[in-house]
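See structure below.
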Amino acid sequence: MSVKMQQPPQLADERTLSSRAAVGTVFGLEMRQRLRGRAWYVMLAVWFVVIGAVFLLATATMGTITGIGAVLFDLVVGFVLFFGLLVAPGLSANAVNGDRAAGTLAILQVTLLTPGQLLAGKWLASWVGSLAFLLLSAPFIFWALALGGVPASEAFVSLGMLALELGLVCAIGVGVSSIANRPLFSIVATYMLVALLALGTLITFGLSTALVLEEAEVTTSYYNHTEPMPAVGPDGELPAVDPSKCVTETIRQPVPHTERITWLLAANPFVVVADAVPYARSGSGDFAYVAGGTRPPGVMESISQQVRTLQAGPDLEVTCEESLGEPRDVGRGSPIWPLGLVLQSLLAGGLLLLGYRRLRTPAGRLAQGTRIA
Amino acid sequence: MTNEFGGIVVHAAARSFGSVQAVRHIDFEAPPGEVTALIGPNGSGKTTLLLILASLLAVDSGSVRVGGIDPVADPQGVRRLVGWMPDSLGRWDSLSALEVLTTTGALYGMRPEERTARAHELLETVSLTEYTRQPARVLSRGQQQRLSLARALIHNPQVLLLDEPASGLDPGSRVDLRTLLRTLAAAGKTVVVSSHVLSELDEIADRAVFISRGESVRSQTLDEAGNQVRRYNIQAEPMSALAAELSGHGMRFEERGDSRRLEYQVMLDSTQQAAWLLRTLVLADVAVTAFAPAGGALEETYMSLDTDRR
Ligand SMILES: Nc1ncnc2c1ncn2[C@@H]1O[C@H](COP(=O)(O)OP(=O)(O)OP(=O)(O)O)[C@@H](O)[C@H]1O
Ligand SMILES: [Mg+2]
């Protein structure tokens with residue numbers, strides 16, 4: 001070591017670290033490490049193959065249906081969300097405690113970097129890392145789009161919502177990683193939280209329906225045909241029903257007031273994405289009318305329909321048409337996805353806040369068994 | 001000496017982790033322009049004290065001033081002043097040595113040209129220019145230690161906190177480290193070094209603070225340490241003549257059991273007394289073959305403190 005010490009031109013006490021520079025530096029640090037490692041590329045490759053396989057399989061099995069583009073599109077969006085929920089925790093949930101384990105967290109903490117800037121940088125890096133997966137699935141989304149039947153607005157809203165959901169899951173992961181000590185534990189905990197959102201909301205909803213059962217007068221109508229009806233009329237058309245045969249009766253029975261608990265479902269990422277998309281539907285019906293004919297609703301579209309039906313509450317007046325299987329017209333109802341985003345943001349924000357408290361220095365209480373250095 | 005505007009003043013600092021009292025009561029002063037050694041057995045609280053000074057840990061009670069600033073009230077102010085080298089080797093595996101330094105510089109708010117220039121300069125200082133573009137993971141332990149030292153210096157801090165900087169360094173690098181620390185102290189910086197290599201500290205440090213079980217038990221300057229009661233080892237041919245002469249002057253001596261050759265150890269109050277004894281022995285025709293302090297000045301204090309490891 002040759003000893004040469006020069007006074008740097010800038011005086012030490014003049015130096016300040018702007019938030020942009022701080023977040024940018026942490027982001028750059030994270031991205032550089034990710035881009036130079038192999039794990040991320042392997043994950044990207046696996047992702048591409050899996051989404052591609054799902055897409056091709058779906059095209060092969062449903063190739064003849066009209067409006068296939070829309071169904072495929074919905075399927076791809078659903079799968080991308082599903083795999084995204086699997087990938088995002090892996091990218092985010094060891095962001096902070098991974099550094100702690102490697103001994104580099106204290107080195108960052110001792111600089112002018114604040115905990116908020118550290119969390120922001122880490123979150124941004126994991127989000128951008130997971131957006132790469134979304135980008136990689138774009139070819140399939142646009143392929144489905146090219147097959148026709150999906151308005152571009154639907155595609156862009158879907159992509160936007162997917163990106164937003166990935167961001168929220170990354171925020172949850174980064175939050176958990178700054179609370180929990182061990183990377184393994186925080187990754188598992190983040191998966192649990194994501195499972196809680198995706199499955200736990202469904203289960204809780206299912207179990208809670210029993211709690212909202214209430215006696216109510218339900219008017220039910222049905223066609224009372226005395227003679228058996230032929231399955232198909234002579235001209236190949238469905239036989240016409242006789243409106244005069246429609247009978248109505250009213251009974252008291254317990255009905256679930258689902259409108260009171262539908263908010264539980266709002267926190268589900270699938271519901272949020274499905275519900276935010278402006279489907280090109282014309283009113284109600286199993287078959288939506290799109291340019292060039294009718295098509296069956298896709299997975300995501302049916303999720304949205306069902307949630308809005310639940311949101312509308314019990315059907316206290318079943319008409320004759322509905323008794324034949326035609327769904328009830330609840331219109332588009334009011335959107336539930338903003339509520340979902342709020343619930344998810346509250347969860348992510350709460351976790352990040354706890355994480356922020358943990359990262360504040362000079363540290364007061366330390367979690368059992370952690371050393372700063 | 002130490003005032004509001006420079007150096008470190010710690011008064012009655014205490015910090016515990018749950019039931020473990022890592023720091024019970026530490027009084028500590030490190031004036032600018034001097035190298036202060038922090039000495040104590042494993043688990044005595046040295047690293048904890050350095051973390052407190054680096055504004056990473058808060059004290060439970062007591063007062064801490066680094067460059068006149070309270071780290072709890074104004075951590076950012078302290079961080080601008082302080083360069084901290086941890087004892088654990090944390091590293092960003094895939095970053096090159098240069099990037100490690102420039103990234104840290106960026107987080108201290110240094111401008112791009114400034115931090116790049118400074119990084120190159122420091123890589124030269126710690127003799128790592130060959131590894132400028134190499135990923136940090138290929139560096140050997142000693143090289144990483146040197147990179148860690150450079151990282152602590154990147155923003156030209158007024159106060160340097162080094163936690164066992166010499167561990168893992170080869171003899172040449174230790175000499176370089178010593179020179180570097182003396183240069184920094186001469187430039188008016190406050191340097192605090194914790195280390196277990198006391199002979200090394202004898203040469204680097206101006207003063208030393210001894211810590212045992214979380215308490216500062218002794219604080220002395222190296223001049224004081226040099227003038228205290230010390231043990232001397234003496235060998236002669238034959239040893240019986242030496243024994244007779246020592247007894248003749250009423251001096252107590254004991255046989256050292258931990259050496260390969262037979263040696264007598266005596267306690268001497270000062271260097272003057274040592275000179276007198278040697279002259280007396282030589283004049284009495286005792287063939288003295290070895291006459292030397294048993295250890296360094298700091299080692300002497302350390303042993304006399306009878307500190308325990310935890
Ligand atoms: N975060 C923590 N949680 C619990 N105990 C801790 C923590 N940090 C330190 N300790 C305890 O405090 C004591 C002092 O630790 P410290 O690391 O300061 O020792 P040290 O003097 O640096 O030792 P060494 O010479 O081995 O580096 C030890 O007994 C240690 O177990
Ligand atoms: Mg230590």
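Here's how to read the names in the structure tokens: chain A, B, ... by the order shown, residue numbers from 1 in each chain, ligand numbers from 1 in the order shown.
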Can you check which parts of chain B lie within 6 Å of ligand 1? Per residue, the shortest pair of atoms and distance in Å to one decimal, counting only C-alpha atoms and all ligand atoms, sorted by chain and number, as a Markdown table.
| residue | atom | partner | partner_atom_place_in_ligand_line | distance |
| --- | --- | --- | --- | --- |
| B:Phe17 | CA | ligand 1 | 4 (C) | 4.7 |
| B:Val20 | CA | ligand 1 | 5 (N) | 5.7 |
| B:Ala22 | CA | ligand 1 | 12 (O) | 3.8 |
| B:Pro41 | CA | ligand 1 | 25 (O) | 5.6 |
| B:Asn42 | CA | ligand 1 | 25 (O) | 3.5 |
| B:Gly43 | CA | ligand 1 | 19 (O) | 3.4 |
| B:Ser44 | CA | ligand 1 | 21 (O) | 3.9 |
| B:Gly45 | CA | ligand 1 | 18 (O) | 3.1 |
| B:Lys46 | CA | ligand 1 | 21 (O) | 3.7 |
| B:Thr47 | CA | ligand 1 | 22 (O) | 3.6 |
| B:Thr48 | CA | ligand 1 | 18 (O) | 3.7 |
At a cut-off of 12 Å and counting only C-alpha atoms and all ligand atoms, what residues surround ligand 2? Please answer as a ChimeraX atom specification. /A:371-373 /B:22,38-51,85-88,162-165,167,193-196,211
Residues as selected, C-alpha atoms, written as a compact mmCIF listing (two decimals), in the first residue's frame, can you do that?
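See result-v5.txt below for the written result:
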# COMPACT_ATOMS: atom_id res chain seq x y z
CA ARG A 371 -26.51 -8.73 14.97
CA ILE A 372 -25.98 -5.58 13.00
CA ALA A 373 -22.41 -6.63 12.27
CA ALA B 22 -22.91 -6.14 26.09
CA LEU B 38 -9.65 -0.54 21.88
CA ILE B 39 -8.46 -3.62 23.69
CA GLY B 40 -10.39 -6.36 25.42
CA PRO B 41 -11.07 -10.08 25.42
CA ASN B 42 -13.57 -11.76 23.09
CA GLY B 43 -17.11 -10.71 23.89
CA SER B 44 -16.07 -7.73 25.97
CA GLY B 45 -18.13 -5.29 23.89
CA LYS B 46 -15.65 -3.72 21.48
CA THR B 47 -17.70 -4.31 18.36
CA THR B 48 -20.82 -3.15 20.18
CA LEU B 49 -19.11 0.10 21.17
CA LEU B 50 -17.94 0.68 17.60
CA LEU B 51 -21.49 0.09 16.33
CA MET B 85 -14.85 -0.91 8.75
CA PRO B 86 -16.77 -3.88 10.16
CA ASP B 87 -15.06 -7.00 11.41
CA SER B 88 -17.33 -9.21 9.31
CA LEU B 162 -11.74 0.09 12.39
CA ASP B 163 -12.84 -3.23 13.85
CA GLU B 164 -9.89 -5.62 13.78
CA PRO B 165 -8.45 -4.22 10.55
CA SER B 167 -6.79 -9.70 10.91
CA VAL B 193 -8.73 0.62 16.16
CA SER B 194 -9.83 -2.54 17.90
CA SER B 195 -7.38 -5.37 17.74
CA HIS B 196 -6.08 -8.41 19.58
CA ILE B 211 -12.51 -3.06 28.09
Skip Asn227 (chain B) itself and residues of its chain fewer than 6 positions away, then list as a PDB file with C-alpha atoms, in the first residue's frame all residues within 8 Å of it, counting only C-alpha atoms.
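Result written to selection10.pdb:
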ATOM      1  CA  ASP B 269       9.212  -0.595  38.302  1.00  0.00           C
ATOM      2  CA  SER B 270      10.714   1.464  35.521  1.00  0.00           C
ATOM      3  CA  THR B 271      13.159   1.515  32.668  1.00  0.00           C
TER       4      THR B 271
END
Would you kindly report the residues of chain A within 6 Å of chain B, using only C-alpha atoms, as a list in words? Met1, Ser2, Val3, Arg15, Thr16, Leu17, Gln33, Ala102, Gly103, Thr104, Thr111, Leu112, Thr361, Pro362, Ala363 and Gly364 of chain A
Excluding region 265-275 of chain A and its own-chain neighbours fewer than 6 positions away, which residues fall within 6 Å of it when counting only C-alpha atoms? Please give them as a ChimeraX atom specification. /A:161,197-198,201,300,304,337,340,343
For the residues selected in the previous step, produce a file with all heavy atoms as a PDB file, in the first residue's frame.
ATOM      1  N   MET A 161     -52.836  -4.122 -15.056  1.00  0.00           N
ATOM      2  CA  MET A 161     -53.230  -4.686 -13.773  1.00  0.00           C
ATOM      3  C   MET A 161     -52.257  -5.775 -13.328  1.00  0.00           C
ATOM      4  O   MET A 161     -51.950  -5.912 -12.153  1.00  0.00           O
ATOM      5  CB  MET A 161     -54.655  -5.252 -13.839  1.00  0.00           C
ATOM      6  CG  MET A 161     -55.732  -4.203 -13.954  1.00  0.00           C
ATOM      7  SD  MET A 161     -55.598  -2.882 -12.738  1.00  0.00           S
ATOM      8  CE  MET A 161     -56.106  -3.739 -11.269  1.00  0.00           C
ATOM      9  N   LEU A 197     -54.083 -14.581   0.009  1.00  0.00           N
ATOM     10  CA  LEU A 197     -54.844 -13.695  -0.870  1.00  0.00           C
ATOM     11  C   LEU A 197     -55.558 -14.483  -1.962  1.00  0.00           C
ATOM     12  O   LEU A 197     -56.718 -14.244  -2.263  1.00  0.00           O
ATOM     13  CB  LEU A 197     -53.921 -12.651  -1.500  1.00  0.00           C
ATOM     14  CG  LEU A 197     -53.334 -11.590  -0.570  1.00  0.00           C
ATOM     15  CD1 LEU A 197     -52.418 -10.663  -1.347  1.00  0.00           C
ATOM     16  CD2 LEU A 197     -54.441 -10.798   0.090  1.00  0.00           C
ATOM     17  N   ALA A 198     -54.848 -15.437  -2.568  1.00  0.00           N
ATOM     18  CA  ALA A 198     -55.401 -16.119  -3.733  1.00  0.00           C
ATOM     19  C   ALA A 198     -56.376 -17.229  -3.353  1.00  0.00           C
ATOM     20  O   ALA A 198     -57.373 -17.438  -4.038  1.00  0.00           O
ATOM     21  CB  ALA A 198     -54.270 -16.690  -4.584  1.00  0.00           C
ATOM     22  N   THR A 201     -58.796 -16.103   0.648  1.00  0.00           N
ATOM     23  CA  THR A 201     -59.993 -15.264   0.514  1.00  0.00           C
ATOM     24  C   THR A 201     -61.186 -16.109   0.070  1.00  0.00           C
ATOM     25  O   THR A 201     -62.294 -15.917   0.552  1.00  0.00           O
ATOM     26  CB  THR A 201     -59.747 -14.149  -0.515  1.00  0.00           C
ATOM     27  OG1 THR A 201     -59.166 -14.715  -1.676  1.00  0.00           O
ATOM     28  CG2 THR A 201     -58.817 -13.086   0.046  1.00  0.00           C
ATOM     29  N   MET A 300     -61.128 -15.350 -16.907  1.00  0.00           N
ATOM     30  CA  MET A 300     -61.092 -14.116 -16.145  1.00  0.00           C
ATOM     31  C   MET A 300     -62.442 -13.417 -16.206  1.00  0.00           C
ATOM     32  O   MET A 300     -62.926 -12.875 -15.217  1.00  0.00           O
ATOM     33  CB  MET A 300     -59.993 -13.196 -16.677  1.00  0.00           C
ATOM     34  CG  MET A 300     -58.608 -13.785 -16.608  1.00  0.00           C
ATOM     35  SD  MET A 300     -58.139 -14.315 -14.959  1.00  0.00           S
ATOM     36  CE  MET A 300     -57.292 -12.879 -14.363  1.00  0.00           C
ATOM     37  N   SER A 304     -65.021 -12.320 -13.100  1.00  0.00           N
ATOM     38  CA  SER A 304     -65.588 -10.989 -12.895  1.00  0.00           C
ATOM     39  C   SER A 304     -67.107 -11.054 -12.801  1.00  0.00           C
ATOM     40  O   SER A 304     -67.723 -10.462 -11.919  1.00  0.00           O
ATOM     41  CB  SER A 304     -65.159 -10.070 -14.027  1.00  0.00           C
ATOM     42  OG  SER A 304     -65.721  -8.801 -13.861  1.00  0.00           O
ATOM     43  N   TRP A 337     -62.659  -3.934  -7.986  1.00  0.00           N
ATOM     44  CA  TRP A 337     -61.188  -3.990  -7.976  1.00  0.00           C
ATOM     45  C   TRP A 337     -60.510  -2.834  -7.239  1.00  0.00           C
ATOM     46  O   TRP A 337     -59.464  -3.048  -6.624  1.00  0.00           O
ATOM     47  CB  TRP A 337     -60.625  -4.141  -9.398  1.00  0.00           C
ATOM     48  CG  TRP A 337     -60.992  -3.035 -10.332  1.00  0.00           C
ATOM     49  CD1 TRP A 337     -62.099  -2.963 -11.118  1.00  0.00           C
ATOM     50  CD2 TRP A 337     -60.267  -1.844 -10.563  1.00  0.00           C
ATOM     51  NE1 TRP A 337     -62.124  -1.809 -11.819  1.00  0.00           N
ATOM     52  CE2 TRP A 337     -61.005  -1.089 -11.507  1.00  0.00           C
ATOM     53  CE3 TRP A 337     -59.060  -1.327 -10.078  1.00  0.00           C
ATOM     54  CZ2 TRP A 337     -60.572   0.149 -11.961  1.00  0.00           C
ATOM     55  CZ3 TRP A 337     -58.627  -0.094 -10.534  1.00  0.00           C
ATOM     56  CH2 TRP A 337     -59.387   0.635 -11.464  1.00  0.00           C
ATOM     57  N   GLY A 340     -60.155  -3.927  -3.858  1.00  0.00           N
ATOM     58  CA  GLY A 340     -59.110  -4.956  -3.768  1.00  0.00           C
ATOM     59  C   GLY A 340     -57.731  -4.340  -3.708  1.00  0.00           C
ATOM     60  O   GLY A 340     -56.898  -4.712  -2.885  1.00  0.00           O
ATOM     61  N   LEU A 343     -57.140  -2.868  -0.293  1.00  0.00           N
ATOM     62  CA  LEU A 343     -56.867  -3.883   0.731  1.00  0.00           C
ATOM     63  C   LEU A 343     -55.444  -4.411   0.603  1.00  0.00           C
ATOM     64  O   LEU A 343     -54.706  -4.539   1.579  1.00  0.00           O
ATOM     65  CB  LEU A 343     -57.864  -5.041   0.609  1.00  0.00           C
ATOM     66  CG  LEU A 343     -59.306  -4.733   1.019  1.00  0.00           C
ATOM     67  CD1 LEU A 343     -60.198  -5.937   0.770  1.00  0.00           C
ATOM     68  CD2 LEU A 343     -59.353  -4.329   2.486  1.00  0.00           C
TER      69      LEU A 343
END
Could you tell me how far CA of Cys320 (chain A) sits from CA of Ala210 (chain A), in Å to one decimal place?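 Computing it gives 27.4 Å between the two atoms.
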Within 6 Å of region 141-158 of chain A using only C-alpha atoms, minus same-chain residues under 4 positions, as a list in words: Gly67, Gly69, Ala70, Leu72, Phe73, Val277 and Pro278 of chain A
Pick the closest to Ala189 (chain A) from A:Ile203, A:Leu29, A:Leu351, A:Ala163: which is it, counting only C-alpha atoms? A:Leu351
Enumerate, in order of chain and increasing residue number, the residues of region 164-251 of chain B with an atom no farther than 7 Å from region 286-296 of chain B, each with its shortest atom pair and distance in Å to one decimal, counting only C-alpha atoms, as a Markdown table.
| residue | atom | partner | partner_atom | distance |
| --- | --- | --- | --- | --- |
| B:Ser199 | CA | B:Gly296 | CA | 5.6 |
| B:Asp202 | CA | B:Gly296 | CA | 6.6 |
| B:Arg230 | CA | B:Pro293 | CA | 6.9 |
| B:Arg231 | CA | B:Ala294 | CA | 5.4 |
| B:Tyr232 | CA | B:Pro293 | CA | 4.2 |
| B:Asn233 | CA | B:Ala292 | CA | 5.5 |
| B:Ile234 | CA | B:Phe291 | CA | 4.6 |
| B:Gln235 | CA | B:Ala290 | CA | 4.9 |
| B:Ala236 | CA | B:Val288 | CA | 4.3 |
| B:Glu237 | CA | B:Ala287 | CA | 5.4 |
| B:Ala241 | CA | B:Val286 | CA | 6.2 |
| B:Leu242 | CA | B:Val286 | CA | 6.2 |
For the helix (DSSP H, G or I) assignment from backbone DSSP, which residues of region 58-202 of chain B qualify? Please present them as a PyMOL selection string. chain B and resi 75-81+97-107+112-125+129-131+136-138+141-153+171-186+198-202
List the spatial neighbours of Val138 (chain B) as a list of chain:residue names - criterion: any atom at most 10 Å away, only C-alpha atoms, same-chain residues fewer than 2 positions off excluded.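 Close residues of Val138 (chain B): B:Asp93, B:Ser94, B:Ser96, B:Ala97, B:Tyr131, B:Gln134, B:Pro135, B:Ala136, B:Ser140, B:Arg141, B:Gln143, B:Gln144.
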May I have the residues within 9 Å of Ser137 (chain A) as a PyMOL selection string, using only C-alpha atoms and disregarding those fewer than 6 positions away in the same chain? chain A and resi 47-48+51-52+76+80
CA of Val197 (chain B) and CA of Ala166 (chain B), how far apart in Å?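 Going from CA of Ala166 (chain B) over to CA of Val197 (chain B), I get 8.2 Å.
Relative to CA of Gln344 (chain A), CA of Tyr191 (chain A) is found at 14.5 Å.
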Identify which of the residues B:Asp223, B:Glu263, B:Glu215, B:Glu300 lies closest to His25 (chain B), counting only C-alpha atoms when measuring atom-to-atom distances.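 Smallest distance to His25 (chain B) is found for B:Glu215.
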